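Engineer: Structure file work-v9.cif (mmCIF, C-alpha atoms) right here:
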data_upload
#
loop_
_atom_site.label_atom_id
_atom_site.label_comp_id
_atom_site.auth_asym_id
_atom_site.auth_seq_id
_atom_site.Cartn_x
_atom_site.Cartn_y
_atom_site.Cartn_z
CA MET A 1 -23.05 -113.83 138.03
CA LEU A 2 -21.97 -113.84 141.67
CA LYS A 3 -23.79 -116.14 144.07
CA ILE A 4 -23.94 -114.48 147.47
CA GLY A 5 -24.22 -117.07 150.23
CA ASP A 6 -22.63 -119.74 148.06
CA PHE A 7 -19.28 -120.76 146.60
CA ASN A 8 -17.81 -118.94 143.61
CA GLU A 9 -14.71 -119.48 141.46
CA LEU A 10 -12.92 -116.11 141.47
CA GLU A 11 -9.58 -114.89 140.15
CA VAL A 12 -7.09 -113.14 142.44
CA THR A 13 -6.42 -109.67 141.00
CA LYS A 14 -4.60 -107.85 143.82
CA GLU A 15 -2.58 -108.62 146.95
CA THR A 16 -2.25 -106.29 149.98
CA TYR A 17 -1.25 -106.52 153.64
CA SER A 18 -4.92 -107.31 154.45
CA GLY A 19 -5.19 -110.26 152.10
CA VAL A 20 -6.04 -110.79 148.43
CA TYR A 21 -8.77 -109.21 146.33
CA PHE A 22 -11.03 -110.59 143.62
CA LYS A 23 -12.53 -108.40 140.93
CA SER A 24 -16.27 -108.83 140.33
CA GLU A 25 -19.31 -107.07 138.85
CA LEU A 26 -20.07 -105.87 142.39
CA GLY A 27 -16.63 -104.42 142.93
CA GLU A 28 -13.54 -105.75 144.68
CA ILE A 29 -14.03 -108.56 147.21
CA LEU A 30 -11.52 -109.18 150.01
CA LEU A 31 -10.30 -112.55 151.24
CA LEU A 32 -8.62 -111.87 154.57
CA LYS A 33 -4.98 -112.88 154.85
CA LYS A 34 -5.65 -115.60 157.46
CA TYR A 35 -7.81 -117.45 154.91
CA VAL A 36 -5.47 -117.14 151.92
CA PRO A 37 -3.96 -120.55 151.05
CA GLU A 38 -0.19 -120.68 151.07
CA GLY A 39 1.45 -119.95 147.73
CA VAL A 40 -1.53 -118.16 146.14
CA GLN A 41 -0.51 -115.59 143.53
CA ILE A 42 -2.19 -112.97 141.38
CA GLY A 43 -3.96 -114.72 138.52
CA ASP A 44 -4.79 -117.83 140.54
CA THR A 45 -8.43 -118.93 140.84
CA LEU A 46 -9.91 -119.83 144.23
CA ASN A 47 -13.22 -121.40 145.22
CA VAL A 48 -14.50 -119.09 147.97
CA PHE A 49 -17.73 -118.61 149.91
CA LEU A 50 -19.20 -115.10 149.70
CA TYR A 51 -21.09 -113.60 152.64
CA THR A 52 -22.33 -110.15 153.62
CA THR A 53 -21.18 -107.75 156.33
CA LYS A 54 -21.93 -104.11 157.16
CA GLU A 55 -18.84 -103.22 155.14
CA GLY A 56 -19.98 -105.18 152.08
CA ILE A 57 -19.21 -108.59 150.62
CA LEU A 58 -16.36 -110.70 152.00
CA ALA A 59 -14.89 -114.01 150.86
CA THR A 60 -13.75 -116.93 152.97
CA THR A 61 -12.28 -120.37 152.41
CA LEU A 62 -14.12 -121.67 155.47
CA ILE A 63 -17.01 -124.06 154.77
CA PRO A 64 -20.29 -122.82 156.37
CA LYS A 65 -22.84 -125.19 157.88
CA VAL A 66 -25.52 -123.87 155.52
CA LYS A 67 -25.81 -121.83 152.33
CA VAL A 68 -28.48 -119.45 151.02
CA GLU A 69 -31.72 -121.30 150.10
CA GLU A 70 -30.84 -124.19 152.41
CA VAL A 71 -32.27 -125.35 155.73
CA ALA A 72 -30.15 -126.25 158.77
CA TYR A 73 -30.26 -126.90 162.52
CA LEU A 74 -28.18 -124.15 164.14
CA GLU A 75 -27.31 -123.04 167.66
CA VAL A 76 -28.07 -119.55 168.95
CA LYS A 77 -24.88 -117.83 170.16
CA ASP A 78 -26.42 -114.55 171.25
CA VAL A 79 -29.73 -112.64 171.50
CA ASN A 80 -30.25 -108.88 171.66
CA ARG A 81 -33.00 -106.34 170.95
CA TYR A 82 -32.55 -106.72 167.19
CA GLY A 83 -32.75 -110.50 167.00
CA ALA A 84 -30.61 -113.61 167.40
CA TYR A 85 -27.20 -114.59 166.09
CA LEU A 86 -26.52 -118.15 164.98
CA ASP A 87 -23.37 -120.22 164.68
CA TRP A 88 -23.07 -121.19 161.01
CA GLY A 89 -19.37 -121.94 160.98
CA LEU A 90 -18.03 -118.50 160.02
CA ASP A 91 -16.41 -115.73 162.09
CA LYS A 92 -19.45 -113.52 161.53
CA ASP A 93 -22.62 -115.03 163.03
CA LEU A 94 -25.80 -115.49 161.00
CA PHE A 95 -28.54 -112.94 161.80
CA LEU A 96 -32.06 -114.11 162.73
CA PRO A 97 -34.26 -110.97 163.08
CA TYR A 98 -37.18 -110.80 165.51
CA ASN A 99 -39.74 -110.56 162.71
CA GLU A 100 -38.57 -113.99 161.48
CA GLN A 101 -39.13 -115.64 164.88
CA PRO A 102 -42.66 -117.01 165.47
CA GLN A 103 -41.46 -118.29 168.84
CA LYS A 104 -39.11 -116.91 171.47
CA ILE A 105 -35.50 -117.78 170.66
CA MET A 106 -33.20 -118.77 173.53
CA ARG A 107 -29.41 -118.51 173.69
CA GLY A 108 -27.72 -121.92 173.61
CA GLN A 109 -30.72 -123.66 171.99
CA LYS A 110 -30.79 -125.05 168.45
CA TYR A 111 -33.47 -124.31 165.85
CA ILE A 112 -34.35 -125.31 162.31
CA VAL A 113 -33.80 -122.24 160.13
CA ARG A 114 -34.03 -121.38 156.45
CA VAL A 115 -31.35 -119.06 155.06
CA TYR A 116 -32.15 -116.46 152.42
CA LEU A 117 -30.78 -113.24 150.92
CA ASP A 118 -32.95 -110.35 152.09
CA LYS A 119 -34.06 -108.35 149.03
CA ILE A 120 -34.17 -105.05 150.93
CA THR A 121 -31.07 -105.18 153.12
CA LYS A 122 -29.09 -107.46 150.73
CA ARG A 123 -28.03 -109.30 153.87
CA ILE A 124 -27.81 -113.06 154.38
CA THR A 125 -30.57 -113.73 156.89
CA ALA A 126 -32.13 -116.68 158.73
CA SER A 127 -35.78 -117.42 159.46
CA THR A 128 -37.58 -119.96 161.62
CA LYS A 129 -40.77 -119.39 159.59
CA ILE A 130 -39.98 -122.46 157.53
CA HIS A 131 -43.41 -122.86 155.91
CA LYS A 132 -43.25 -119.58 154.01
CA PHE A 133 -40.36 -121.02 152.00
CA ILE A 134 -41.96 -124.42 151.34
CA GLU A 135 -43.17 -125.28 147.83
CA GLU A 136 -46.66 -126.83 148.06
CA GLU A 137 -48.01 -126.65 144.52
CA ILE A 138 -45.34 -127.66 142.01
CA ILE A 139 -43.79 -130.92 143.24
CA ASP A 140 -40.73 -131.61 141.12
CA LEU A 141 -40.11 -135.10 142.50
CA LYS A 142 -40.70 -138.66 141.36
CA GLU A 143 -41.67 -141.69 143.39
CA GLU A 144 -38.64 -143.80 144.41
CA GLU A 145 -36.36 -140.77 143.86
CA THR A 146 -33.40 -140.40 146.25
CA VAL A 147 -33.66 -137.19 148.30
CA ASN A 148 -31.99 -135.36 151.21
CA LEU A 149 -34.08 -135.20 154.37
CA LEU A 150 -33.76 -132.93 157.40
CA ILE A 151 -35.73 -134.15 160.42
CA TYR A 152 -38.04 -131.25 161.26
CA GLU A 153 -40.85 -132.16 163.66
CA PHE A 154 -42.35 -135.17 165.48
CA THR A 155 -46.12 -135.69 165.25
CA ASP A 156 -48.65 -138.38 166.22
CA LEU A 157 -48.34 -139.83 162.71
CA GLY A 158 -44.57 -139.92 162.51
CA VAL A 159 -41.86 -137.44 161.58
CA LYS A 160 -42.10 -134.36 159.37
CA THR A 161 -39.04 -133.83 157.22
CA ILE A 162 -37.79 -131.09 154.91
CA ILE A 163 -37.04 -132.59 151.50
CA ASN A 164 -34.20 -131.09 149.44
CA ASN A 165 -34.56 -127.77 151.34
CA LYS A 166 -37.84 -127.25 149.47
CA TYR A 167 -40.72 -129.58 150.39
CA ILE A 168 -42.33 -131.05 153.50
CA GLY A 169 -42.55 -134.84 153.70
CA MET A 170 -43.75 -137.37 156.24
CA ILE A 171 -42.05 -140.52 157.49
CA TYR A 172 -44.86 -142.55 159.02
CA LYS A 173 -44.26 -144.48 162.22
CA ASN A 174 -44.35 -147.85 160.47
CA ASP A 175 -41.47 -146.67 158.24
CA MET A 176 -39.23 -145.55 161.11
CA TYR A 177 -36.51 -148.17 161.48
CA GLN A 178 -33.89 -146.12 163.30
CA ASP A 179 -33.72 -143.50 166.04
CA LEU A 180 -34.12 -140.03 164.61
CA LYS A 181 -33.66 -136.61 166.21
CA ILE A 182 -34.68 -133.12 165.14
CA GLY A 183 -31.90 -131.71 163.00
CA ASP A 184 -30.65 -135.08 161.72
CA SER A 185 -29.75 -135.11 158.02
CA VAL A 186 -30.40 -138.44 156.29
CA ILE A 187 -30.74 -139.86 152.81
CA GLY A 188 -34.33 -140.80 152.04
CA TYR A 189 -36.59 -141.96 149.24
CA VAL A 190 -39.89 -140.65 147.90
CA LYS A 191 -42.45 -143.33 148.69
CA LYS A 192 -45.63 -141.68 147.39
CA ILE A 193 -46.85 -138.31 146.13
CA ARG A 194 -50.51 -138.07 147.07
CA GLU A 195 -53.32 -136.37 145.10
CA ASP A 196 -53.39 -133.57 147.70
CA LYS A 197 -49.62 -133.10 147.01
CA LYS A 198 -48.60 -134.46 150.39
CA ILE A 199 -45.36 -136.41 150.13
CA ASP A 200 -44.63 -139.70 151.92
CA VAL A 201 -40.94 -140.51 152.30
CA SER A 202 -38.93 -143.39 153.71
CA ILE A 203 -35.38 -143.83 154.93
CA ARG A 204 -35.34 -147.20 153.19
CA LYS A 205 -35.28 -147.68 149.44
CA THR A 206 -38.70 -148.26 147.93
CA GLY A 207 -39.93 -150.44 145.08
CA ARG A 208 -37.76 -153.16 143.56
CA GLU A 209 -34.53 -151.63 144.89
CA GLY A 210 -35.99 -151.60 148.37
CA VAL A 211 -36.81 -155.31 148.21
CA ASP A 212 -33.33 -156.12 146.89
CA GLU A 213 -31.76 -154.12 149.72
CA SER A 214 -33.95 -155.93 152.26
CA LYS A 215 -32.86 -159.30 150.85
CA GLU A 216 -29.25 -158.35 151.44
CA ILE A 217 -30.05 -157.27 155.00
CA ILE A 218 -31.75 -160.62 155.72
CA ILE A 219 -28.81 -162.60 154.30
CA ASP A 220 -26.31 -160.58 156.36
CA LYS A 221 -28.42 -161.08 159.49
CA LEU A 222 -28.66 -164.81 158.84
CA LYS A 223 -24.86 -165.07 158.55
CA GLU A 224 -24.50 -163.17 161.84
CA ASN A 225 -26.81 -165.66 163.58
CA ASN A 226 -25.48 -169.05 162.49
CA ASN A 227 -27.56 -169.02 159.29
CA PHE A 228 -30.89 -168.95 161.15
CA LEU A 229 -33.50 -166.37 162.16
CA PRO A 230 -36.59 -167.23 164.24
CA LEU A 231 -38.86 -165.32 161.87
CA ASN A 232 -41.56 -166.30 159.39
CA ASP A 233 -44.73 -164.86 157.85
CA LYS A 234 -46.56 -165.44 161.15
CA SER A 235 -44.08 -163.33 163.16
CA SER A 236 -45.37 -160.07 164.58
CA PRO A 237 -44.55 -156.79 162.78
CA GLU A 238 -42.92 -155.58 166.01
CA LEU A 239 -40.52 -158.53 166.17
CA ILE A 240 -39.55 -158.17 162.51
CA LYS A 241 -39.00 -154.44 162.93
CA ASP A 242 -36.92 -155.00 166.05
CA MET A 243 -34.68 -157.65 164.45
CA LEU A 244 -34.39 -156.39 160.86
CA HIS A 245 -35.54 -152.75 160.91
CA MET A 246 -38.07 -153.34 158.15
CA SER A 247 -41.82 -153.70 157.82
CA LYS A 248 -43.53 -157.08 157.76
CA LYS A 249 -44.74 -156.39 154.21
CA THR A 250 -41.18 -155.81 153.00
CA PHE A 251 -39.93 -158.83 154.94
CA LYS A 252 -42.47 -161.13 153.27
CA LYS A 253 -41.55 -159.84 149.80
CA ALA A 254 -37.85 -160.29 150.51
CA ILE A 255 -38.05 -163.83 151.90
CA GLY A 256 -40.40 -164.76 149.06
CA GLY A 257 -37.74 -163.67 146.60
CA LEU A 258 -34.95 -165.43 148.49
CA TYR A 259 -37.02 -168.62 148.64
CA LYS A 260 -37.65 -168.58 144.87
CA GLU A 261 -33.95 -168.06 144.31
CA ARG A 262 -33.31 -171.11 146.56
CA ILE A 263 -31.10 -169.09 148.89
CA ILE A 264 -33.15 -169.83 152.02
CA GLU A 265 -35.34 -172.52 153.50
CA LEU A 266 -38.61 -171.66 155.24
CA THR A 267 -39.64 -173.72 158.25
CA GLU A 268 -42.18 -173.39 161.04
CA GLU A 269 -39.31 -172.34 163.34
CA GLY A 270 -37.99 -169.64 161.03
CA VAL A 271 -35.70 -168.87 158.10
CA ARG A 272 -32.53 -170.83 157.40
CA LEU A 273 -29.78 -169.98 154.95
CA LYS A 274 -28.95 -172.81 152.59
#
Will you turn the file into structure tokens for me?

Structural biologist:
Amino acid sequence: MLKIGDFNELEVTKETYSGVYFKSELGEILLLKKYVPEGVQIGDTLNVFLYTTKEGILATTLIPKVKVEEVAYLEVKDVNRYGAYLDWGLDKDLFLPYNEQPQKIMRGQKYIVRVYLDKITKRITASTKIHKFIEEEIIDLKEEETVNLLIYEFTDLGVKTIINNKYIGMIYKNDMYQDLKIGDSVIGYVKKIREDKKIDVSIRKTGREGVDESKEIIIDKLKENNNFLPLNDKSSPELIKDMLHMSKKTFKKAIGGLYKERIIELTEEGVRLK
């Protein structure tokens, strides 16, 4: 079955002056000549992205910035009385209709959008109404699971993120150890799934793996600073966060483990590598 708005493995069945054609259950699909790899012949299989136009479905070997059912941070190239047109890396811009814009869209600005295949028009379309695509009931995630995060919105509590193009998660301020901007894509970890189905995430590994990673960070930092850091369990959370980009709780667990393993010495002045 063809996946519109995604990559498909298709066989070349015809070659013309315009390009090459693929045969599919939806009819012939054209890959324009400028995108045909050198040496391609009838019978060859190509991995192509399928997108929609007024004329029908076209193929391309270009890699778009976003696919159908994904979320991305895209720039507006143009606005007219029908809607906005976004740069998604293809020759044909991505359409964002007015009825999918809860706020006024400005040319040259970037917005978080969700891409979907419109059931009525059969057209690949964007929407800034992110929440109508968010799953809030069935949370198919596990604590400590590695996930993809898109930075979505800053709040008083921290940063809202979109998890795996599907869920909303929160990175709380005390878990923010690097500068983040709206639209940033980062690897994260599920910290906790609450009873109300709210999801806490972190950009640092959680659980045992998180402590092991923090131990490595401390050792590397010690080596960078002549085997000594002026930190101990009485140091302020702010100082620890500034020097090591980790919470005081994680720091204490990590140095406790390193001390038991006899890798470090703990003194009133700080931590020393043996």

Engineer: For the structure provided, state which residues fall under the PyMOL selection byres ((chain A and resi 186) around 9), and present them as a ChimeraX atom specification.

Structural biologist: /A:147-151,184-185,187-188,203

Engineer: With all atoms listed in the file as the basis for distance, which of A:Lys253, A:Lys3, A:Lys205, A:Lys110 is at the shortest distance from Gly183 (chain A)?

Structural biologist: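 For Gly183 (chain A), the nearest of the given residues is A:Lys110.
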
Engineer: Taking only C-alpha atoms into account, which of A:Pro37, A:Gly43, A:Gly108, A:Gly5 comes nearest Glu70 (chain A)?

Structural biologist: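 Selected residue with least distance to Glu70 (chain A): A:Gly5.
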
Engineer: For a quick check of understanding, using all atoms listed in the file, which of A:Ala72, A:Ile264, A:Val271, A:Ile105 has the smallest distance to Leu231 (chain A)?

Structural biologist: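 For Leu231 (chain A), the nearest of the candidates is A:Val271.
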
Engineer: If the PyMOL selection byres ((chain A and resi 161-173) around 7) is run on the structure shown, which residues does it catch, given as a list in words?

Structural biologist: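 Taken over the shown coordinates, the PyMOL selection byres ((chain A and resi 161-173) around 7) returns Glu70, Val71, Ile134, Glu135, Glu136, Val147, Asn148, Leu149, Leu150, Ile151, Tyr152, Glu153, Leu157, Gly158, Val159, Lys160, Asn174, Asp175, Met176, Lys198, Ile199, Asp200, Val201 and Ser202 of chain A.
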
Engineer: Apply the PyMOL selection byres ((chain A and resi 197) around 9) to the structure shown and report the selected residues as a PyMOL selection string.

Structural biologist: chain A and resi 136-139+193-196+198-199

Engineer: Residues at most 12 Å from Trp88 (chain A), counting only C-alpha atoms, excluding those fewer than 2 positions away in the same chain, as a ChimeraX atom specification?

Structural biologist: /A:5,51,62-68,70-77,85-86,90-96,110-111,113-115,124-126

Engineer: Using all atoms listed in the file, find the one residue out of A:Ser127, A:Asn47, A:Thr121, A:Ser214 that sits nearest to Pro102 (chain A).

Structural biologist: A:Ser127

Engineer: Could you tell me which of A:Asp212, A:Glu269, A:Glu69, A:Glu9 comes closest to Asp44 (chain A) if we count only C-alpha atoms?

Structural biologist: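 Once distances to Asp44 (chain A) are computed over only C-alpha atoms, the minimum belongs to A:Glu9.
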
Engineer: For Ile42 (chain A), which of A:Thr155, A:Thr61, A:Gln109, A:Thr16 is the closest residue, counting all atoms listed in the file?

Structural biologist: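 That would be A:Thr16, the residue with the smallest distance to Ile42 (chain A).
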
Engineer: Write out as a list of chain:residue names each polymer residue whose atoms come within 9 Å of Asn8 (chain A), counting all atoms listed in the file; drop sequence neighbours fewer than 3 positions from it.

Structural biologist: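 Non-adjacent residues within range: A:Leu2, A:Lys3, A:Ile4, A:Leu46, A:Asn47, A:Val48, A:Phe49, A:Leu50.
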
Engineer: Within 12 Å of region 223-225 of chain A, counting all atoms listed in the file, which residues show up once you throw out same-chain ones fewer than 5 positions away? Write them as a tab-separated table (two decimals) with C-alpha atoms, in the frame of the given file, please.

Structural biologist:
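Resulting contents of part_6.tsv:
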chain	number	residue	atom	x	y	z
A	216	GLU	CA	-29.25	-158.35	151.44
A	217	ILE	CA	-30.05	-157.27	155.00
A	218	ILE	CA	-31.75	-160.62	155.72
A	230	PRO	CA	-36.59	-167.23	164.24
A	243	MET	CA	-34.68	-157.65	164.45
A	264	ILE	CA	-33.15	-169.83	152.02
A	271	VAL	CA	-35.70	-168.87	158.10
A	272	ARG	CA	-32.53	-170.83	157.40
A	273	LEU	CA	-29.78	-169.98	154.95
A	274	LYS	CA	-28.95	-172.81	152.59

Engineer: Quote the spacing between CA of Asn232 (chain A) and CA of Asp179 (chain A) in Å to one decimal place.

Structural biologist: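 Distance reported for this atom pair: 25.0 Å.
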
Engineer: Taking the point (-6.0, -108.0, 156.8) as given in the file, collect each protein or nucleic acid residue that comes within 8 Å of it, counting only C-alpha atoms, and present the set as a list in words.

Structural biologist: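 The distance filter leaves exactly Thr16, Tyr17, Ser18, Gly19, Leu32, Lys33 and Lys34 of chain A.
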